[in-house]
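Undergrad: I'm passing along target.tsv; it holds TSV, C-alpha atoms and all ligand atoms.
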```tsv
chain	number	residue	atom	x	y	z
A	21	MET	CA	73.71	-82.56	49.60
A	22	ILE	CA	73.59	-80.86	52.99
A	23	SER	CA	73.67	-83.22	55.97
A	24	LEU	CA	72.17	-82.06	59.22
A	25	TYR	CA	72.91	-83.82	62.48
A	26	ASP	CA	69.60	-83.41	64.19
A	27	HIS	CA	67.05	-84.64	66.65
A	28	PRO	CA	63.37	-83.89	65.91
A	29	LEU	CA	62.78	-82.61	69.47
A	30	SER	CA	65.58	-80.03	69.32
A	31	PRO	CA	64.06	-76.55	68.90
A	32	TYR	CA	67.45	-75.40	67.58
A	33	GLY	CA	67.39	-78.13	64.94
A	34	GLN	CA	63.82	-77.13	64.07
A	35	LYS	CA	64.93	-73.54	63.38
A	36	VAL	CA	67.42	-74.80	60.80
A	37	LYS	CA	65.04	-77.26	59.11
A	38	ILE	CA	62.33	-74.60	58.79
A	39	ALA	CA	64.87	-72.24	57.16
A	40	LEU	CA	66.06	-74.92	54.71
A	41	ARG	CA	62.47	-75.80	53.83
A	42	GLU	CA	61.52	-72.15	53.32
A	43	LYS	CA	64.43	-71.84	50.89
A	44	GLY	CA	63.73	-75.15	49.16
A	45	VAL	CA	67.27	-76.41	49.92
A	46	ALA	CA	67.53	-80.21	49.90
A	47	PHE	CA	69.03	-81.83	53.01
A	48	GLU	CA	69.23	-85.13	54.80
A	49	THR	CA	69.10	-85.55	58.56
A	50	VAL	CA	71.41	-87.80	60.54
A	51	SER	CA	70.59	-88.84	64.08
A	52	PRO	CA	73.83	-89.01	66.12
A	53	GLY	CA	74.18	-91.91	68.51
A	54	GLY	CA	74.65	-91.20	72.22
A	55	LEU	CA	72.94	-87.79	72.09
A	56	GLY	CA	71.39	-86.78	75.41
A	57	ALA	CA	73.10	-89.67	77.18
A	58	GLY	CA	76.56	-88.12	77.02
A	59	GLY	CA	77.90	-90.86	74.75
A	60	ALA	CA	78.30	-89.05	71.42
A	61	ALA	CA	81.44	-89.94	69.47
A	62	GLY	CA	82.98	-90.39	66.03
A	63	GLU	CA	82.32	-88.19	63.00
A	64	PHE	CA	79.64	-86.22	64.82
A	65	VAL	CA	82.03	-85.09	67.55
A	66	ALA	CA	84.72	-84.41	64.94
A	67	ALA	CA	82.23	-82.07	63.23
A	68	ASN	CA	81.07	-80.53	66.50
A	69	PRO	CA	83.24	-80.87	69.63
A	70	ARG	CA	80.30	-79.48	71.61
A	71	ALA	CA	78.45	-82.67	70.56
A	72	GLU	CA	75.16	-80.87	70.02
A	73	VAL	CA	72.51	-80.79	67.36
A	74	PRO	CA	72.05	-79.07	65.03
A	75	THR	CA	75.38	-79.49	63.23
A	76	LEU	CA	75.45	-78.83	59.50
A	77	VAL	CA	77.83	-80.44	57.04
A	78	ASP	CA	77.97	-79.00	53.52
A	79	GLY	CA	80.85	-80.59	51.60
A	80	GLU	CA	84.05	-79.69	53.47
A	81	LEU	CA	82.24	-77.30	55.80
A	82	ALA	CA	81.11	-78.44	59.25
A	83	ILE	CA	79.46	-75.82	61.49
A	84	PHE	CA	77.44	-75.76	64.66
A	85	ASP	CA	75.17	-73.50	66.64
A	86	SER	CA	71.78	-72.83	65.07
A	87	THR	CA	72.38	-69.07	64.73
A	88	VAL	CA	75.71	-69.59	62.94
A	89	ILE	CA	74.03	-72.18	60.71
A	90	LEU	CA	71.14	-69.83	59.88
A	91	GLU	CA	73.64	-67.09	58.94
A	92	TYR	CA	75.43	-69.55	56.64
A	93	ILE	CA	72.19	-70.67	54.99
A	94	GLU	CA	71.15	-67.04	54.45
A	95	ASP	CA	74.55	-66.22	52.89
A	96	ALA	CA	74.85	-69.36	50.78
A	97	TYR	CA	71.22	-69.57	49.66
A	98	PRO	CA	70.04	-65.95	49.69
A	99	THR	CA	66.69	-66.47	47.95
A	100	PRO	CA	64.14	-66.11	49.39
A	101	ALA	CA	65.68	-63.85	52.05
A	102	LEU	CA	64.59	-64.80	55.54
A	103	LEU	CA	65.94	-61.72	57.34
A	104	PRO	CA	64.05	-58.43	56.96
A	105	ALA	CA	65.55	-55.79	54.65
A	106	THR	CA	66.56	-52.91	56.95
A	107	PRO	CA	69.37	-52.93	59.55
A	108	ALA	CA	66.95	-51.96	62.32
A	109	GLU	CA	64.47	-54.73	61.48
A	110	ARG	CA	67.27	-57.28	61.16
A	111	ALA	CA	68.60	-56.27	64.57
A	112	ARG	CA	65.11	-56.53	66.10
A	113	VAL	CA	64.67	-60.06	64.74
A	114	ARG	CA	68.14	-61.16	65.89
A	115	MET	CA	67.41	-59.86	69.37
A	116	ILE	CA	64.19	-61.89	69.54
A	117	GLU	CA	66.16	-64.95	68.43
A	118	GLU	CA	68.73	-64.40	71.19
A	119	VAL	CA	66.01	-64.13	73.83
A	120	MET	CA	64.32	-67.34	72.66
A	121	ASP	CA	67.61	-69.26	72.39
A	122	THR	CA	69.04	-68.30	75.75
A	123	HIS	CA	66.19	-67.20	78.06
A	124	PHE	CA	62.99	-68.85	76.91
A	125	GLU	CA	64.38	-72.24	75.81
A	126	PRO	CA	65.29	-73.64	79.23
A	127	ILE	CA	61.68	-73.41	80.42
A	128	ALA	CA	60.41	-76.27	78.23
A	129	TRP	CA	63.70	-78.09	78.77
A	130	GLY	CA	63.33	-77.72	82.56
A	131	LEU	CA	59.73	-78.88	82.56
A	132	SER	CA	60.79	-81.98	80.66
A	133	GLU	CA	63.47	-82.55	83.31
A	134	LEU	CA	60.66	-82.71	85.84
A	135	ARG	CA	57.91	-84.42	83.88
A	136	TRP	CA	59.83	-86.94	81.77
A	137	PHE	CA	63.06	-87.35	83.68
A	138	LYS	CA	61.49	-87.10	87.16
A	139	ARG	CA	64.27	-84.93	88.58
A	140	ALA	CA	61.93	-83.60	91.28
A	141	THR	CA	58.55	-84.59	92.68
A	142	GLY	CA	56.00	-83.27	95.21
A	143	ASP	CA	56.51	-79.78	96.64
A	144	GLU	CA	59.91	-79.36	95.02
A	145	ALA	CA	58.45	-80.04	91.56
A	146	ALA	CA	55.41	-77.83	92.28
A	147	LYS	CA	57.69	-74.90	93.20
A	148	ILE	CA	59.68	-75.22	89.98
A	149	GLU	CA	56.51	-75.66	87.89
A	150	ALA	CA	55.01	-72.50	89.42
A	151	ALA	CA	58.19	-70.54	88.65
A	152	ALA	CA	58.07	-71.79	85.04
A	153	ALA	CA	54.41	-70.76	84.61
A	154	LYS	CA	55.16	-67.26	85.91
A	155	GLN	CA	58.18	-66.90	83.63
A	156	VAL	CA	56.16	-67.99	80.59
A	157	GLU	CA	53.48	-65.41	81.41
A	158	GLY	CA	56.17	-62.70	81.36
A	159	PHE	CA	57.70	-63.91	78.10
A	160	TYR	CA	54.30	-64.13	76.42
A	161	ALA	CA	53.61	-60.50	77.39
A	162	TRP	CA	57.03	-59.52	76.01
A	163	LEU	CA	56.42	-61.45	72.78
A	164	GLU	CA	52.99	-59.85	72.40
A	165	ARG	CA	54.68	-56.42	72.52
A	166	GLN	CA	57.40	-57.51	70.07
A	167	LEU	CA	54.74	-58.68	67.63
A	168	GLY	CA	52.76	-55.44	68.02
A	169	GLU	CA	50.57	-54.83	64.99
A	170	ARG	CA	52.70	-57.05	62.74
A	171	GLU	CA	51.33	-60.15	61.05
A	172	TRP	CA	54.65	-61.92	61.59
A	173	PHE	CA	57.58	-61.37	63.94
A	174	ASN	CA	59.64	-60.86	60.79
A	175	GLY	CA	57.33	-58.12	59.48
A	176	ALA	CA	54.90	-58.45	56.57
A	177	GLY	CA	55.93	-62.02	55.72
A	178	PHE	CA	57.08	-65.17	57.55
A	179	GLY	CA	60.83	-65.26	58.14
A	180	TRP	CA	63.75	-65.57	60.53
A	181	GLY	CA	61.86	-63.79	63.32
A	182	ASP	CA	59.15	-66.45	63.16
A	183	LEU	CA	61.24	-69.59	62.73
A	184	ALA	CA	63.27	-68.39	65.73
A	185	VAL	CA	60.16	-68.25	67.92
A	186	ILE	CA	57.80	-71.04	66.84
A	187	PRO	CA	59.86	-74.09	67.97
A	188	PHE	CA	60.20	-72.64	71.47
A	189	VAL	CA	56.58	-71.54	71.87
A	190	ASN	CA	55.52	-74.99	70.64
A	191	GLY	CA	57.81	-76.56	73.24
A	192	VAL	CA	56.20	-74.68	76.10
A	193	ALA	CA	52.68	-75.02	74.65
A	194	GLY	CA	53.34	-78.78	74.52
A	195	GLN	CA	53.84	-78.57	78.29
A	196	ASP	CA	50.33	-77.02	78.58
A	197	LEU	CA	51.44	-73.38	78.75
A	198	THR	CA	49.77	-71.96	75.64
A	199	PRO	CA	49.64	-68.26	74.64
A	200	PRO	CA	46.65	-66.45	76.21
A	201	ALA	CA	43.42	-67.11	74.29
A	202	SER	CA	42.43	-64.25	71.95
A	203	SER	CA	45.90	-62.66	72.13
A	204	ARG	CA	47.65	-61.59	68.95
A	205	LEU	CA	50.36	-64.07	69.95
A	206	ALA	CA	47.82	-66.92	69.99
A	207	ALA	CA	46.64	-65.96	66.50
A	208	TRP	CA	50.28	-65.80	65.31
A	209	HIS	CA	50.94	-69.21	66.93
A	210	ALA	CA	48.15	-70.83	64.90
A	211	ARG	CA	49.26	-69.02	61.74
A	212	ALA	CA	52.88	-70.06	62.15
A	213	ASN	CA	51.99	-73.71	62.80
A	214	ALA	CA	49.94	-73.75	59.57
A	215	ARG	CA	52.99	-72.71	57.55
A	216	PRO	CA	54.04	-75.81	55.49
A	217	SER	CA	57.73	-75.57	56.52
A	218	VAL	CA	56.69	-75.52	60.19
A	219	ALA	CA	53.98	-78.19	59.84
A	220	GLU	CA	56.45	-80.59	58.17
A	221	THR	CA	59.02	-79.96	60.90
A	222	THR	CA	56.62	-80.46	63.82
A	223	ALA	CA	55.13	-83.59	62.19
A	224	GLU	CA	58.58	-85.15	62.57
A	225	ILE	CA	58.30	-84.78	66.35
A	226	ALA	CA	55.05	-86.72	66.45
A	227	ALA	CA	56.54	-89.40	64.17
A	228	MET	CA	59.55	-89.75	66.47
A	229	ALA	CA	57.41	-89.84	69.61
A	230	ARG	CA	55.49	-92.80	68.15
A	231	THR	CA	58.65	-94.84	67.64
A	232	SER	CA	61.03	-93.86	70.47
A	233	GLY	CA	61.11	-95.28	73.95
A	234	MET	CA	60.94	-92.18	76.19
A	235	ALA	CA	58.93	-94.17	78.74
A	236	ASN	CA	61.83	-95.70	80.65
A	237	VAL	CA	64.10	-92.69	80.44
A	238	ALA	CA	63.52	-91.67	84.08
A	239	ASP	CA	64.92	-95.09	85.09
A	240	LEU	CA	67.99	-94.50	82.95
A	241	VAL	CA	68.54	-91.11	84.62
A	242	GLU	CA	68.17	-92.69	88.04
A	243	LYS	CA	70.82	-95.29	87.17
A	244	GLY	CA	73.22	-92.63	85.88
A	245	LEU	CA	73.04	-94.05	82.34
A	246	PHE	CA	71.44	-90.97	80.87
A	247	LYS	CA	73.41	-87.80	81.55
A	248	ARG	CA	71.61	-84.61	80.61
A	249	GLU	CA	73.63	-81.59	79.60
A	250	TYR	CA	73.18	-78.63	81.99
A	251	ARG	CA	75.00	-76.13	79.84
A	252	ASP	CA	74.92	-72.36	80.50
A	253	HIS	CA	71.33	-71.03	80.46
A	254	ARG	CA	69.87	-74.39	81.48
A	255	LEU	CA	71.97	-74.58	84.63
A	256	GLU	CA	71.03	-71.00	85.48
A	257	TRP	CA	67.36	-71.72	84.88
A	258	MET	CA	67.30	-74.78	87.12
A	259	ILE	CA	68.97	-72.91	89.96
A	260	LYS	CA	66.96	-69.69	89.71
A	261	SER	CA	63.68	-71.60	89.38
A	262	GLY	CA	64.20	-73.42	92.68
A	263	GLY	CA	66.01	-76.54	91.47
A	264	LEU	CA	69.41	-76.15	93.18
A	265	ASP	CA	68.87	-79.54	94.85
A	266	VAL	CA	68.14	-81.08	91.46
A	267	VAL	CA	71.57	-79.90	90.31
A	268	LEU	CA	73.34	-81.05	93.47
A	269	LYS	CA	71.64	-84.45	93.34
A	270	GLY	CA	72.48	-84.77	89.65
A	271	LEU	CA	76.15	-83.98	90.30
A	272	GLU	CA	76.28	-86.43	93.20
A	273	ARG	CA	74.70	-89.22	91.14
A	274	GLY	CA	76.64	-88.33	88.00
A	275	ASN	CA	73.56	-88.00	85.81
A	276	ILE	CA	74.09	-84.41	84.70
A	277	ARG	CA	77.04	-83.06	82.77
A	278	PHE	CA	78.45	-79.89	81.24
A	279	SER	CA	80.09	-79.06	77.88
A	280	PRO	CA	82.82	-81.42	76.74
A	281	GLY	CA	86.34	-80.01	76.32
A	282	PHE	CA	87.70	-79.04	72.90
A	283	ASN	CA	90.80	-80.76	71.52
B	1	LIG	N1	73.26	-72.88	71.14
B	1	LIG	C1	73.08	-74.15	70.48
B	1	LIG	C2	72.28	-75.08	71.39
B	1	LIG	C3	72.17	-76.49	70.83
B	1	LIG	C4	71.67	-77.48	71.88
B	1	LIG	O1	71.61	-77.18	73.08
B	1	LIG	N2	71.35	-78.69	71.43
B	1	LIG	C5	70.93	-79.75	72.35
B	1	LIG	C6	69.60	-80.33	71.90
B	1	LIG	S1	68.29	-79.15	72.00
B	1	LIG	C7	71.93	-80.89	72.28
B	1	LIG	O2	72.31	-81.32	71.22
B	1	LIG	N3	72.41	-81.36	73.44
B	1	LIG	C8	73.36	-82.43	73.48
B	1	LIG	C9	73.03	-83.47	74.48
B	1	LIG	O3	72.13	-83.26	75.29
B	1	LIG	O4	73.69	-84.51	74.41
B	1	LIG	C10	72.38	-73.91	69.13
B	1	LIG	O5	71.78	-72.85	68.96
B	1	LIG	O6	72.50	-74.76	68.25
```
Step by step, read the file and then write its structure as C-alpha cells.
TA:
Amino acid sequence: MISLYDHPLSPYGQKVKIALREKGVAFETVSPGGLGAGGAAGEFVAANPRAEVPTLVDGELAIFDSTVILEYIEDAYPTPALLPATPAERARVRMIEEVMDTHFEPIAWGLSELRWFKRATGDEAAKIEAAAAKQVEGFYAWLERQLGEREWFNGAGFGWGDLAVIPFVNGVAGQDLTPPASSRLAAWHARANARPSVAETTAEIAAMARTSGMANVADLVEKGLFKREYRDHRLEWMIKSGGLDVVLKGLERGNIRFSPGFN
C-alpha cells in the first residue's frame, strides 16, 4: 500500500490526499518526527533529503514534491483522470497550481508565523498583516478571472485545478481572509469544500488541532527549539511583506533555517 509522509496542516500534503481519494487509491499516512522543528531524521530523510511533507513511498519508489507526486499518481492510476483532456486546458491548470504553490502559499504560512509563532507584534505585525490582506485581495481577483464562467477550475468537473487551489484558499480563509461574498470564487469555495475528498481531508486538520499542543509553540520558537524552514518563496514573502527584521532576528536567534544539504 502507498505510504504518505504527511502532516494534516500541509496544503501540499492535502493536494496529494485529495487526489488519492478522488481516485479511490488506498494509502496510509505517516507523521515524521521532528518536522517543523528541524529535527527530522531516519527513513523519512532517506526518502526525502529535503525533509518535507508530502513524501510518497510506493514499494521501491520514494518521491517528493506535491506536483511530482500528483504527476506520478495520474500516470500510475489514470482513472478517473484528474487533469483536463486538452493540452491548453492542462497547461492552464498547471499554471494555476504553480501560482498557488509558490506565490499564494506563503501568505497563510506568514500569517501563522505572526499569529501562532509570534515572530512580530505591534506595528511590525500590523504592517505585515496589511500587506498580506492586500496580496490576498489581488490573488482573489486573479482567481476569479481564472475561474471565469467555469463551474470548477478544472473545467466541467472537479479535478487537479481544484485540488491545487482549495487547500491554499482554505489556509488563508482560516486566517479570516475569505473570498469576497457573492463572488463566483466564494461559491466555488463552498462547492469545493463540500466535495467528499476535500471534506475528509480538511476534517483531519480539525482532528489534529484537537489533539496537538500548538499553544506553547511560540515559547519553543523563542527558545530556539523550534526552527521554521524559510525556504525560497517563504523567505521572499517575509522580506517583501515588511518582515526583514523577522528574518534577521530569526537568523540571530537560530530559530529559522533553510533547506538541508543533499548527500
Ligand atoms: N514544494 C514542496 C513544498 C513542501 C513543503 O514546503 N512542505 C512543508 C510543510 S507545508 C514541510 O514539510 N516543511 C518541513 C519543515 O518545516 O520541517 C511540495 O510541493 O511538496
Undergrad: Of the candidates A:Ala140, A:Ile89, A:Val45, A:Ala105, which one gets nearest to ligand LIG 1 (chain B) if we count only C-alpha atoms and all ligand atoms?
TA: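 Among A:Ala140, A:Ile89, A:Val45, A:Ala105, it is A:Ile89 that comes nearest to ligand LIG 1 (chain B).
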Undergrad: Work out how far atom O4 of ligand LIG 1 (chain B) is from atom CA of A:Glu118, in Å to one decimal.
TA: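 Calculated distance between atom CA of A:Glu118 and atom O4 of ligand LIG 1 (chain B) is 21.0 Å.
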Undergrad: Can you pull out every residue with an atom within 8 Å of ligand LIG 1 (chain B)? Use only C-alpha atoms and all ligand atoms and format it as a PyMOL selection string.
TA: chain A and resi 26-27+29-33+54-60+70-75+84-88+121-122+247-249+251
Undergrad: If I take atom CA of A:Leu103 and atom CA of A:Trp172, how far is one from the other in Å, to one decimal?
TA: 12.1 Å
Undergrad: Choose the residue, out of A:Arg277, A:Arg135, A:Lys37, A:Arg215, that has the smallest atom-to-atom separation from A:Tyr25; count only C-alpha atoms.
TA: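 So, comparing all the options, the nearest one is A:Lys37.
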Undergrad: Could you extract stretch 119-138 of chain A of the given structure into a file holding N, CA and C atoms, as an mmCIF file, in the first residue's frame?
TA:
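result-v3.cif, freshly written:
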```cif
data_model
loop_
_atom_site.group_PDB
_atom_site.id
_atom_site.type_symbol
_atom_site.label_atom_id
_atom_site.label_comp_id
_atom_site.auth_asym_id
_atom_site.auth_seq_id
_atom_site.Cartn_x
_atom_site.Cartn_y
_atom_site.Cartn_z
ATOM 1 N N VAL A 119 1.120 28.891 -9.398
ATOM 2 C CA VAL A 119 0.881 30.161 -8.698
ATOM 3 C C VAL A 119 0.497 29.891 -7.236
ATOM 4 N N MET A 120 -0.369 28.905 -7.020
ATOM 5 C CA MET A 120 -0.786 28.619 -5.637
ATOM 6 C C MET A 120 0.395 28.101 -4.804
ATOM 7 N N ASP A 121 1.177 27.197 -5.409
ATOM 8 C CA ASP A 121 2.298 26.575 -4.685
ATOM 9 C C ASP A 121 3.381 27.575 -4.306
ATOM 10 N N THR A 122 3.649 28.530 -5.198
ATOM 11 C CA THR A 122 4.856 29.335 -4.987
ATOM 12 C C THR A 122 4.605 30.820 -4.722
ATOM 13 N N HIS A 123 3.383 31.299 -4.978
ATOM 14 C CA HIS A 123 3.098 32.724 -4.712
ATOM 15 C C HIS A 123 2.047 32.900 -3.611
ATOM 16 N N PHE A 124 0.999 32.088 -3.692
ATOM 17 C CA PHE A 124 -0.105 32.261 -2.738
ATOM 18 C C PHE A 124 0.221 31.616 -1.387
ATOM 19 N N GLU A 125 0.851 30.458 -1.439
ATOM 20 C CA GLU A 125 1.076 29.656 -0.213
ATOM 21 C C GLU A 125 1.726 30.419 0.937
ATOM 22 N N PRO A 126 2.757 31.238 0.669
ATOM 23 C CA PRO A 126 3.439 31.828 1.825
ATOM 24 C C PRO A 126 2.583 32.825 2.602
ATOM 25 N N ILE A 127 1.430 33.225 2.052
ATOM 26 C CA ILE A 127 0.624 34.208 2.786
ATOM 27 C C ILE A 127 0.068 33.572 4.067
ATOM 28 N N ALA A 128 -0.581 32.412 3.939
ATOM 29 C CA ALA A 128 -1.118 31.752 5.142
ATOM 30 C C ALA A 128 0.030 31.324 6.054
ATOM 31 N N TRP A 129 1.109 30.840 5.432
ATOM 32 C CA TRP A 129 2.289 30.450 6.217
ATOM 33 C C TRP A 129 2.799 31.650 7.017
ATOM 34 N N GLY A 130 2.909 32.814 6.345
ATOM 35 C CA GLY A 130 3.450 34.002 7.003
ATOM 36 C C GLY A 130 2.536 34.499 8.110
ATOM 37 N N LEU A 131 1.226 34.426 7.867
ATOM 38 C CA LEU A 131 0.304 34.861 8.926
ATOM 39 C C LEU A 131 0.411 33.941 10.138
ATOM 40 N N SER A 132 0.654 32.663 9.895
ATOM 41 C CA SER A 132 0.831 31.766 11.051
ATOM 42 C C SER A 132 2.149 32.063 11.765
ATOM 43 N N GLU A 133 3.149 32.515 11.025
ATOM 44 C CA GLU A 133 4.398 32.936 11.682
ATOM 45 C C GLU A 133 4.131 34.065 12.675
ATOM 46 N N LEU A 134 3.220 34.953 12.294
ATOM 47 C CA LEU A 134 2.890 36.069 13.192
ATOM 48 C C LEU A 134 1.955 35.628 14.318
ATOM 49 N N ARG A 135 0.864 34.950 13.920
ATOM 50 C CA ARG A 135 -0.219 34.728 14.885
ATOM 51 C C ARG A 135 0.051 33.556 15.828
ATOM 52 N N TRP A 136 0.664 32.507 15.330
ATOM 53 C CA TRP A 136 0.940 31.356 16.201
ATOM 54 C C TRP A 136 2.338 31.446 16.796
ATOM 55 N N PHE A 137 3.290 31.825 15.942
ATOM 56 C CA PHE A 137 4.688 31.744 16.363
ATOM 57 C C PHE A 137 5.216 33.077 16.897
ATOM 58 N N LYS A 138 4.353 34.098 16.848
ATOM 59 C CA LYS A 138 4.652 35.412 17.451
ATOM 60 C C LYS A 138 6.011 35.983 17.015
#
```
